[in-house]
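target-v8.cif, holding mmCIF, N, CA, C and O atoms and all ligand atoms:
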```
data_model
loop_
_atom_site.label_atom_id
_atom_site.label_comp_id
_atom_site.auth_asym_id
_atom_site.auth_seq_id
_atom_site.Cartn_x
_atom_site.Cartn_y
_atom_site.Cartn_z
N MET F 1 53.65 187.17 66.69
CA MET F 1 53.92 185.85 66.14
C MET F 1 55.29 185.80 65.44
O MET F 1 55.71 184.76 64.98
N ASN F 2 55.96 186.95 65.40
CA ASN F 2 57.34 186.95 64.93
C ASN F 2 58.17 186.01 65.79
O ASN F 2 59.10 185.37 65.31
N LEU F 3 57.79 185.94 67.04
CA LEU F 3 58.48 185.05 67.97
C LEU F 3 58.42 183.60 67.53
O LEU F 3 59.37 182.86 67.66
N CYS F 4 57.31 183.21 66.98
CA CYS F 4 57.14 181.83 66.51
C CYS F 4 58.14 181.51 65.43
O CYS F 4 58.70 180.41 65.39
N LYS F 5 58.37 182.47 64.55
CA LYS F 5 59.34 182.25 63.47
C LYS F 5 60.75 182.13 64.04
O LYS F 5 61.52 181.27 63.64
N THR F 6 61.05 183.00 64.98
CA THR F 6 62.37 182.95 65.62
C THR F 6 62.59 181.61 66.30
O THR F 6 63.66 181.03 66.26
N MET F 7 61.55 181.09 66.93
CA MET F 7 61.67 179.85 67.69
C MET F 7 61.41 178.62 66.82
O MET F 7 61.45 177.51 67.31
N HIS F 8 61.11 178.81 65.54
CA HIS F 8 60.73 177.71 64.65
C HIS F 8 59.53 176.94 65.19
O HIS F 8 59.54 175.72 65.23
N ARG F 9 58.54 177.66 65.64
CA ARG F 9 57.38 176.98 66.20
C ARG F 9 56.12 177.35 65.43
O ARG F 9 56.00 178.46 64.92
N GLN F 10 55.19 176.41 65.38
CA GLN F 10 53.90 176.68 64.77
C GLN F 10 53.12 177.66 65.66
O GLN F 10 53.02 177.46 66.85
N PRO F 11 52.60 178.74 65.06
CA PRO F 11 51.80 179.68 65.85
C PRO F 11 50.67 178.97 66.59
O PRO F 11 50.34 179.33 67.72
N GLU F 12 50.10 177.95 65.97
CA GLU F 12 49.00 177.24 66.59
C GLU F 12 49.44 176.55 67.89
O GLU F 12 48.70 176.48 68.85
N HIS F 13 50.65 176.03 67.88
CA HIS F 13 51.16 175.34 69.07
C HIS F 13 51.37 176.32 70.21
O HIS F 13 50.98 176.07 71.34
N VAL F 14 51.99 177.45 69.87
CA VAL F 14 52.22 178.49 70.87
C VAL F 14 50.88 178.99 71.41
O VAL F 14 50.70 179.16 72.60
N MET F 15 49.93 179.17 70.50
CA MET F 15 48.63 179.67 70.90
C MET F 15 47.94 178.71 71.86
O MET F 15 47.41 179.12 72.88
N THR F 16 47.95 177.42 71.52
CA THR F 16 47.32 176.42 72.38
C THR F 16 47.93 176.45 73.77
O THR F 16 47.22 176.39 74.77
N PHE F 17 49.24 176.58 73.81
CA PHE F 17 49.92 176.64 75.11
C PHE F 17 49.46 177.85 75.91
O PHE F 17 49.09 177.75 77.07
N PHE F 18 49.46 179.00 75.27
CA PHE F 18 49.07 180.24 75.94
C PHE F 18 47.64 180.16 76.47
O PHE F 18 47.37 180.50 77.60
N LEU F 19 46.75 179.69 75.62
CA LEU F 19 45.34 179.66 76.01
C LEU F 19 45.11 178.66 77.14
O LEU F 19 44.31 178.90 78.04
N THR F 20 45.83 177.53 77.10
CA THR F 20 45.70 176.53 78.16
C THR F 20 46.24 177.08 79.47
O THR F 20 45.61 176.97 80.52
N GLU F 21 47.43 177.70 79.39
CA GLU F 21 48.07 178.23 80.59
C GLU F 21 47.26 179.35 81.21
O GLU F 21 47.18 179.47 82.43
N MET F 22 46.69 180.19 80.38
CA MET F 22 45.98 181.36 80.90
C MET F 22 44.51 181.06 81.13
O MET F 22 43.78 181.91 81.64
N GLY F 23 44.08 179.87 80.76
CA GLY F 23 42.71 179.48 80.99
C GLY F 23 41.71 180.37 80.29
O GLY F 23 40.70 180.75 80.85
N THR F 24 42.01 180.73 79.04
CA THR F 24 41.11 181.60 78.30
C THR F 24 40.97 181.09 76.87
O THR F 24 41.54 180.07 76.50
N SER F 25 40.21 181.80 76.07
CA SER F 25 40.09 181.43 74.68
C SER F 25 40.58 182.59 73.82
O SER F 25 40.67 183.72 74.27
N GLY F 26 40.90 182.28 72.58
CA GLY F 26 41.40 183.31 71.69
C GLY F 26 41.60 182.74 70.31
O GLY F 26 41.23 181.61 70.04
N SER F 27 42.18 183.54 69.43
CA SER F 27 42.37 183.08 68.06
C SER F 27 43.51 183.85 67.42
O SER F 27 44.02 184.82 67.97
N LEU F 28 43.88 183.40 66.23
CA LEU F 28 44.89 184.12 65.46
C LEU F 28 44.18 185.02 64.46
O LEU F 28 43.23 184.60 63.80
N ASP F 29 44.63 186.25 64.35
CA ASP F 29 44.02 187.13 63.37
C ASP F 29 44.73 186.99 62.02
O ASP F 29 45.62 186.16 61.86
N GLY F 30 44.33 187.80 61.06
CA GLY F 30 44.87 187.70 59.71
C GLY F 30 46.37 187.88 59.63
O GLY F 30 47.02 187.36 58.73
N GLN F 31 46.94 188.62 60.59
CA GLN F 31 48.38 188.84 60.59
C GLN F 31 49.11 187.88 61.51
O GLN F 31 50.22 188.15 61.93
N GLN F 32 48.42 186.76 61.83
CA GLN F 32 49.03 185.74 62.69
C GLN F 32 49.38 186.29 64.06
O GLN F 32 50.37 185.89 64.67
N ARG F 33 48.58 187.23 64.52
CA ARG F 33 48.79 187.71 65.87
C ARG F 33 47.80 187.01 66.78
O ARG F 33 46.66 186.77 66.40
N LEU F 34 48.26 186.75 67.98
CA LEU F 34 47.40 186.07 68.94
C LEU F 34 46.47 187.07 69.61
O LEU F 34 46.91 188.06 70.17
N VAL F 35 45.19 186.80 69.48
CA VAL F 35 44.19 187.64 70.14
C VAL F 35 43.59 186.83 71.28
O VAL F 35 43.02 185.76 71.07
N VAL F 36 43.78 187.35 72.50
CA VAL F 36 43.33 186.63 73.68
C VAL F 36 42.16 187.35 74.31
O VAL F 36 42.17 188.58 74.43
N LYS F 37 41.16 186.58 74.71
CA LYS F 37 40.01 187.18 75.38
C LYS F 37 40.36 187.46 76.83
O LYS F 37 41.00 186.66 77.49
N GLY F 38 39.95 188.63 77.30
CA GLY F 38 40.25 189.01 78.67
C GLY F 38 41.44 189.93 78.72
O GLY F 38 42.09 190.19 77.72
N ARG F 39 41.70 190.43 79.91
CA ARG F 39 42.83 191.36 80.05
C ARG F 39 43.98 190.66 80.76
O ARG F 39 43.83 190.14 81.85
N PHE F 40 45.11 190.66 80.11
CA PHE F 40 46.30 190.06 80.71
C PHE F 40 47.45 191.04 80.58
O PHE F 40 47.70 191.56 79.50
N GLY F 41 48.13 191.26 81.65
CA GLY F 41 49.27 192.17 81.63
C GLY F 41 50.40 191.60 80.79
O GLY F 41 50.47 190.39 80.56
N SER F 42 51.27 192.50 80.32
CA SER F 42 52.39 192.04 79.51
C SER F 42 53.32 191.16 80.34
O SER F 42 53.99 190.27 79.85
N ARG F 43 53.33 191.38 81.64
CA ARG F 43 54.15 190.59 82.54
C ARG F 43 53.66 189.15 82.55
O ARG F 43 54.43 188.19 82.50
N ASN F 44 52.35 189.01 82.61
CA ASN F 44 51.70 187.70 82.57
C ASN F 44 52.09 186.94 81.30
O ASN F 44 52.43 185.76 81.34
N CYS F 45 52.04 187.64 80.17
CA CYS F 45 52.39 187.04 78.89
C CYS F 45 53.86 186.63 78.87
O CYS F 45 54.22 185.58 78.35
N GLU F 46 54.68 187.46 79.45
CA GLU F 46 56.12 187.20 79.46
C GLU F 46 56.44 185.94 80.24
O GLU F 46 57.24 185.12 79.81
N VAL F 47 55.81 185.79 81.40
CA VAL F 47 56.04 184.62 82.24
C VAL F 47 55.60 183.36 81.49
O VAL F 47 56.30 182.35 81.48
N THR F 48 54.44 183.44 80.84
CA THR F 48 53.92 182.31 80.10
C THR F 48 54.85 181.95 78.94
O THR F 48 55.14 180.77 78.70
N LEU F 49 55.33 182.97 78.26
CA LEU F 49 56.23 182.74 77.14
C LEU F 49 57.53 182.08 77.61
O LEU F 49 58.04 181.17 76.97
N ARG F 50 58.01 182.52 78.74
CA ARG F 50 59.24 181.95 79.27
C ARG F 50 59.06 180.47 79.61
O ARG F 50 59.94 179.65 79.38
N ARG F 51 57.89 180.15 80.13
CA ARG F 51 57.61 178.75 80.45
C ARG F 51 57.52 177.91 79.19
O ARG F 51 57.96 176.76 79.15
N TYR F 52 56.95 178.51 78.15
CA TYR F 52 56.85 177.81 76.88
C TYR F 52 58.25 177.51 76.34
O TYR F 52 58.55 176.41 75.90
N ILE F 53 59.11 178.52 76.38
CA ILE F 53 60.47 178.36 75.87
C ILE F 53 61.23 177.30 76.67
O ILE F 53 61.89 176.44 76.11
N ASN F 54 61.11 177.36 77.98
CA ASN F 54 61.78 176.37 78.83
C ASN F 54 61.34 174.96 78.49
O ASN F 54 62.14 174.04 78.46
N GLU F 55 60.05 174.82 78.25
CA GLU F 55 59.49 173.49 78.08
C GLU F 55 59.59 172.97 76.65
O GLU F 55 59.84 171.79 76.43
N TYR F 56 59.40 173.85 75.67
CA TYR F 56 59.27 173.38 74.30
C TYR F 56 60.33 173.91 73.33
O TYR F 56 60.29 173.60 72.15
N VAL F 57 61.24 174.72 73.80
CA VAL F 57 62.24 175.26 72.88
C VAL F 57 63.67 174.95 73.29
O VAL F 57 64.47 174.45 72.50
N ILE F 58 64.00 175.19 74.54
CA ILE F 58 65.39 175.03 74.99
C ILE F 58 65.75 173.55 75.16
O ILE F 58 65.02 172.78 75.76
N CYS F 59 66.92 173.17 74.60
CA CYS F 59 67.41 171.80 74.76
C CYS F 59 67.90 171.60 76.19
O CYS F 59 68.65 172.41 76.71
N ASN F 60 67.45 170.49 76.80
CA ASN F 60 67.84 170.21 78.17
C ASN F 60 69.32 169.89 78.30
O ASN F 60 69.92 170.11 79.34
N THR F 61 69.88 169.36 77.24
CA THR F 61 71.26 168.90 77.29
C THR F 61 72.26 170.04 77.13
O THR F 61 73.17 170.21 77.94
N CYS F 62 72.08 170.86 76.08
CA CYS F 62 73.09 171.90 75.82
C CYS F 62 72.52 173.31 75.91
O CYS F 62 73.21 174.27 75.63
N LYS F 63 71.25 173.42 76.30
CA LYS F 63 70.60 174.74 76.49
C LYS F 63 70.49 175.56 75.21
O LYS F 63 70.34 176.78 75.26
N SER F 64 70.58 174.90 74.06
CA SER F 64 70.45 175.62 72.80
C SER F 64 68.98 175.78 72.43
O SER F 64 68.18 174.88 72.65
N PRO F 65 68.61 176.95 71.89
CA PRO F 65 67.23 177.12 71.44
C PRO F 65 67.01 176.62 70.02
O PRO F 65 65.93 176.75 69.46
N ASP F 66 68.06 176.05 69.43
CA ASP F 66 68.00 175.60 68.04
C ASP F 66 67.43 174.18 67.98
O ASP F 66 68.14 173.21 67.76
N THR F 67 66.14 174.09 68.22
CA THR F 67 65.50 172.78 68.30
C THR F 67 64.25 172.73 67.43
O THR F 67 63.73 173.76 67.04
N ILE F 68 63.79 171.53 67.14
CA ILE F 68 62.52 171.39 66.45
C ILE F 68 61.63 170.38 67.19
O ILE F 68 62.13 169.47 67.83
N LEU F 69 60.34 170.60 67.07
CA LEU F 69 59.38 169.68 67.68
C LEU F 69 58.94 168.67 66.65
O LEU F 69 58.57 169.02 65.54
N THR F 70 58.99 167.40 66.99
CA THR F 70 58.49 166.38 66.09
C THR F 70 57.43 165.56 66.82
O THR F 70 57.49 165.38 68.03
N LYS F 71 56.47 165.09 66.05
CA LYS F 71 55.38 164.32 66.62
C LYS F 71 55.49 162.88 66.14
O LYS F 71 55.59 162.63 64.94
N GLU F 72 55.51 161.95 67.06
CA GLU F 72 55.50 160.54 66.70
C GLU F 72 54.37 159.87 67.44
O GLU F 72 54.39 159.81 68.66
N ASN F 73 53.40 159.38 66.69
CA ASN F 73 52.18 158.86 67.29
C ASN F 73 51.58 159.93 68.19
O ASN F 73 51.29 161.02 67.73
N LEU F 74 51.47 159.64 69.48
CA LEU F 74 50.88 160.64 70.37
C LEU F 74 51.95 161.38 71.16
O LEU F 74 51.65 162.25 71.96
N LEU F 75 53.20 161.01 70.93
CA LEU F 75 54.28 161.62 71.69
C LEU F 75 54.91 162.78 70.94
O LEU F 75 55.03 162.74 69.72
N VAL F 76 55.31 163.78 71.66
CA VAL F 76 55.98 164.93 71.07
C VAL F 76 57.43 164.92 71.54
O VAL F 76 57.71 164.76 72.72
N PHE F 77 58.33 165.05 70.57
CA PHE F 77 59.74 165.05 70.90
C PHE F 77 60.36 166.39 70.56
O PHE F 77 60.02 167.01 69.55
N LEU F 78 61.29 166.80 71.38
CA LEU F 78 62.07 168.00 71.12
C LEU F 78 63.44 167.53 70.65
O LEU F 78 64.18 166.89 71.39
N ARG F 79 63.74 167.80 69.39
CA ARG F 79 65.04 167.37 68.86
C ARG F 79 65.96 168.56 68.71
O ARG F 79 65.58 169.58 68.14
N CYS F 80 67.15 168.40 69.22
CA CYS F 80 68.12 169.49 69.21
C CYS F 80 68.98 169.42 67.95
O CYS F 80 69.53 168.38 67.63
N GLU F 81 69.07 170.55 67.25
CA GLU F 81 69.88 170.62 66.04
C GLU F 81 71.36 170.77 66.36
O GLU F 81 72.21 170.56 65.52
N GLN F 82 71.64 171.19 67.57
CA GLN F 82 73.02 171.44 67.98
C GLN F 82 73.72 170.17 68.43
O GLN F 82 74.77 169.82 67.93
N CYS F 83 73.13 169.47 69.40
CA CYS F 83 73.81 168.29 69.95
C CYS F 83 73.12 167.00 69.53
O CYS F 83 73.62 165.91 69.82
N GLY F 84 72.01 167.09 68.83
CA GLY F 84 71.35 165.90 68.31
C GLY F 84 70.55 165.11 69.32
O GLY F 84 70.02 164.04 69.01
N SER F 85 70.44 165.60 70.53
CA SER F 85 69.71 164.86 71.55
C SER F 85 68.20 165.00 71.32
O SER F 85 67.73 165.98 70.74
N GLU F 86 67.48 164.01 71.79
CA GLU F 86 66.04 163.99 71.61
C GLU F 86 65.40 163.73 72.96
O GLU F 86 65.83 162.84 73.69
N GLN F 87 64.40 164.52 73.28
CA GLN F 87 63.72 164.28 74.55
C GLN F 87 62.22 164.41 74.34
O GLN F 87 61.78 165.20 73.51
N SER F 88 61.47 163.61 75.06
CA SER F 88 60.03 163.72 74.93
C SER F 88 59.54 164.86 75.81
O SER F 88 60.06 165.09 76.90
N VAL F 89 58.58 165.61 75.30
CA VAL F 89 58.00 166.69 76.09
C VAL F 89 56.53 166.40 76.31
O VAL F 89 55.90 165.67 75.56
N ALA F 90 56.00 166.98 77.37
CA ALA F 90 54.60 166.76 77.70
C ALA F 90 53.73 167.43 76.65
O ALA F 90 54.02 168.55 76.24
N PRO F 91 52.67 166.76 76.21
CA PRO F 91 51.73 167.46 75.34
C PRO F 91 51.06 168.58 76.12
O PRO F 91 51.10 168.58 77.35
N ILE F 92 50.47 169.53 75.42
CA ILE F 92 49.95 170.72 76.09
C ILE F 92 48.81 170.38 77.05
O ILE F 92 48.63 171.04 78.04
N THR F 93 48.10 169.30 76.80
CA THR F 93 47.03 168.90 77.71
C THR F 93 47.61 168.12 78.89
O THR F 93 47.05 167.15 79.35
N SER F 94 48.78 168.55 79.39
CA SER F 94 49.50 167.80 80.41
C SER F 94 48.73 167.73 81.73
O SER F 94 48.89 166.79 82.49
N GLY F 95 47.92 168.72 82.02
CA GLY F 95 47.13 168.70 83.24
C GLY F 95 46.24 167.47 83.30
O GLY F 95 46.13 166.80 84.32
N PHE F 96 45.67 167.15 82.16
CA PHE F 96 44.79 165.99 82.06
C PHE F 96 45.56 164.69 82.27
O PHE F 96 45.14 163.81 83.00
N VAL F 97 46.72 164.60 81.65
CA VAL F 97 47.56 163.41 81.78
C VAL F 97 47.98 163.21 83.23
O VAL F 97 47.94 162.11 83.75
N ALA F 98 48.36 164.31 83.88
CA ALA F 98 48.81 164.23 85.27
C ALA F 98 47.70 163.68 86.16
O ALA F 98 47.95 162.89 87.07
N THR F 99 46.46 164.08 85.87
CA THR F 99 45.33 163.59 86.66
C THR F 99 45.18 162.08 86.50
O THR F 99 44.98 161.36 87.47
N LEU F 100 45.33 161.62 85.27
CA LEU F 100 45.21 160.19 85.01
C LEU F 100 46.29 159.41 85.76
O LEU F 100 46.02 158.39 86.37
N GLU F 101 47.50 159.92 85.72
CA GLU F 101 48.61 159.25 86.40
C GLU F 101 48.38 159.21 87.90
O GLU F 101 48.67 158.23 88.55
N HIS F 102 47.84 160.28 88.41
CA HIS F 102 47.56 160.38 89.83
C HIS F 102 46.58 159.28 90.25
O HIS F 102 46.76 158.62 91.25
N ARG F 103 45.56 159.10 89.42
CA ARG F 103 44.55 158.07 89.72
C ARG F 103 45.16 156.69 89.69
O ARG F 103 44.85 155.84 90.50
N LYS F 104 46.05 156.47 88.72
CA LYS F 104 46.66 155.16 88.56
C LYS F 104 47.45 154.77 89.82
O LYS F 104 47.39 153.66 90.28
N ILE F 105 48.15 155.76 90.38
CA ILE F 105 48.96 155.49 91.57
C ILE F 105 48.06 155.10 92.73
O ILE F 105 48.37 154.21 93.52
N ARG F 106 46.91 155.74 92.82
CA ARG F 106 46.04 155.50 93.96
C ARG F 106 45.41 154.12 93.94
O ARG F 106 45.21 153.51 94.99
N THR F 107 45.09 153.61 92.78
CA THR F 107 44.37 152.33 92.73
C THR F 107 45.28 151.12 92.83
O THR F 107 46.43 151.17 92.52
ZN ZN H 201 71.21 170.18 72.55
#
```

As structure tokens, how would this structure be written, given the file I've shared?
Amino acid sequence: MNLCKTMHRQPEHVMTFFLTEMGTSGSLDGQQRLVVKGRFGSRNCEVTLRRYINEYVICNTCKSPDTILTKENLLVFLRCEQCGSEQSVAPITSGFVATLEHRKIRT
């Protein structure tokens, strides 16, 4: 969870992402370490972490990792401290949202 501090992210947010992506359950222990049920290789974790960083940490405009996540109503925004740009990011339950959108197109 040292990574969370480096990335200025809530451990809970990172955890939710990991558990959703890996389709498992887990929790944070007393030392704020993520404990995941099941066996996952370090490679698996690395790929997931990279996806998290791409989606929720790196600024799309200037590629800076110096960003913060802000929540407005139900929308989550990634605000860049370097260039000041703001972009909306998908909430972690994005799979569910995508399904809804898919249905809307069909009807
Ligand atoms: Zn930026």

At a cut-off of 7 Å, can you tabulate as a tab-separated table every residue of chain F near ligand ZN 201 (chain H) together with its closest atom pair and the distance in Å to one decimal, using only C-alpha atoms and all ligand atoms and ordering rows by chain then number?
```
residue	atom	partner	partner_atom	distance
F:Cys59	CA	H:ZN201	ZN	4.7
F:Asn60	CA	H:ZN201	ZN	6.6
F:Thr61	CA	H:ZN201	ZN	4.9
F:Cys62	CA	H:ZN201	ZN	4.1
F:Lys63	CA	H:ZN201	ZN	6.1
F:Ser64	CA	H:ZN201	ZN	5.5
F:Cys80	CA	H:ZN201	ZN	4.6
F:Glu81	CA	H:ZN201	ZN	6.7
F:Gln82	CA	H:ZN201	ZN	5.1
F:Cys83	CA	H:ZN201	ZN	4.1
F:Gly84	CA	H:ZN201	ZN	6.0
F:Ser85	CA	H:ZN201	ZN	5.6
```

Query raised in the report: Do you know which residues are at most 12 Å from Asn54 in chain F counting only C-alpha atoms, after dropping those on the same chain fewer than 6 positions away, and could you put them as a PyMOL selection string?
Result: chain F and resi 7+47-48+60+63-65+67+78+89

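For the set F:Ser88, F:Val36, F:Thr16, F:Thr6, the residue with the smallest atom-to-atom gap to Thr70 in chain F is F:Ser88, counting all atoms listed in the file.
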
Query raised in the report: What residues in chain F get the DSSP label helix (DSSP H, G or I)? Please answer as a PyMOL selection string.
Result: chain F and resi 2-7+11-22+42-56+94-106

Query raised in the report: What is the atom C of Ser25 in chain F to atom N of Gly38 in chain F distance in Å?
Result: 7.0 Å

Query raised in the report: How many Å separate CA of Ser27 in chain F from CA of Gln10 in chain F?
Result: 13.6 Å

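The shortest atom-to-atom distance to Leu34 in chain F, with only C-alpha atoms taken into account, belongs to F:Glu12 out of F:Asp66, F:Glu86, F:Glu21, F:Glu12.
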
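For the pair atom C of Arg43 in chain F and atom N of Arg9 in chain F, the interatomic distance is 21.0 Å.
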